[in-house]
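Beneath this line is the structure, given in structure tokens, with notes to follow.
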Amino acid sequence: MAVAGIFFYLFSAITVAAAFMVIAARNPVHSVLFLILAFFNSAGLFVLMGAEFLAMILVVVYVGAVAVLFLFVVMMLDIDFAELRQGMLQYLPVGGVIGVILLIELIFVVGSWALSPEAVATIADKAPSVGGITNTEAIGQILYTKYVYLFQAAGIVLLIAMVGAIVLTLHHKEGVRRQSIPRQVARTPATAIEVREVKSGEGLS
């Protein structure tokens with residue numbers, strides 16, 4: 001128990017510090033790297049809670065796809081962030097007021113939060129029994145049996161969204177010769193080859 005508590009405070013402290021550095025770092029590449037660090041430590045917290053599936057999803061999806069893709073986009077676009085920060089001070093009072101309101105709300109929520117023993121007993125009694133299998137296997141059994149159609153529908157929606165984003169952002173340049181597979185397949189020797197008789201000492205005009 002003591003070892004789990006030490007790792008909990010370690011992961012929590014690194015997560016909070018990395019999250020603060022995400023918004024405090026001047027270099028956007030450093031912000032993305034701190035974001036990746038925060039994701040890894042959050043995954044460690046999920047492992048301590050026994051939710052290894054959520055930890056794996058956090059590392060594979062967010063770190064392996066979203067954060068790395070964002071890092072590549074930031075590095076390749078070469079955005080002038082100094083120019084973007086020029087008008088930031090005019091929004092500082094509004095952002096400060098919103099931040100203070102959110103802080104007051106969080107203080108009220110944390111100050112009035114309490115968990116009664118009856119609620120803990122109710123949660124423990126209603127906890128589903130997975131029959132000695134891991135929660136990842138239990139989620140898979142439910143997801144691909146009871147919610148399989150909803151899962152496939154979500155996949156179709158994401159596929160359509162991806163194709164739509166590609167179609168909307170794809171622009172063809174004029175004057176660029178492109179390959180046409182149907183025209184290549186439909187070619188015949190009569191249209192592909194032209195035989196000419198060239199006299200000796202003369203070239204093609």
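Every chain in the structure tokens takes a letter, A first, then B, and so on in the order presented; its residues are numbered from 1, and the ligands are numbered from 1 following the presented order.
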
Notebook entry, point to check: If you count only C-alpha atoms, which residues fall within 10 Å of A:Phe20, apart from same-chain ones fewer than 5 positions away, as a ChimeraX atom specification?
Noted result: /A:14-15,25,31,34-35,38

Margin query: Report, in Å to a single decimal, how far apart atom CA of A:Leu37 and atom CA of A:Leu71 are.
Written below: 13.2 Å

Check: Excluding same-chain residues fewer than 6 positions from A:Thr136, what lies within 12 Å of it counting only C-alpha atoms, as a list in words?
Finding: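 Non-adjacent residues within range: Gly50, Ala51, Glu52, Phe53, Leu54, Ala55, Met56, Ile57, Val130, Ile142 and Leu143 of chain A.
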
Next item on the list: Quick one: pull the distance between atom CA of A:Gly95 and atom CA of A:Leu69, Å, one decimal.
Entry: 28.1 Å

Next item on the list: Have a look at A:Gly155, A:Val59, A:Ala43, A:Pro28 and name the one nearest to A:Phe72; count only C-alpha atoms.
Entry: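 For A:Phe72, the nearest of the given residues is A:Pro28.
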
Check: Distance atom CA of A:Val32-atom CA of A:Phe70, one decimal place?
Finding: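 Interatomic distance here is 7.5 Å.
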
Checklist line | Sel. of helix (DSSP H, G or I) residues, stretch 5-200 of chain A, as number ranges by chain | finding: A: 5-24, 28-48, 52-77, 81-84, 89-112, 117-126, 135-143, 148-169, 181-185, 189-192

Note to self: Set the distance at 10 Å and use only C-alpha atoms: which residues neighbour A:Ala4 once local chain neighbours fewer than 5 positions away are removed? I'd like the list as a ChimeraX atom specification.
What the structure shows: /A:9-10,45,48-49
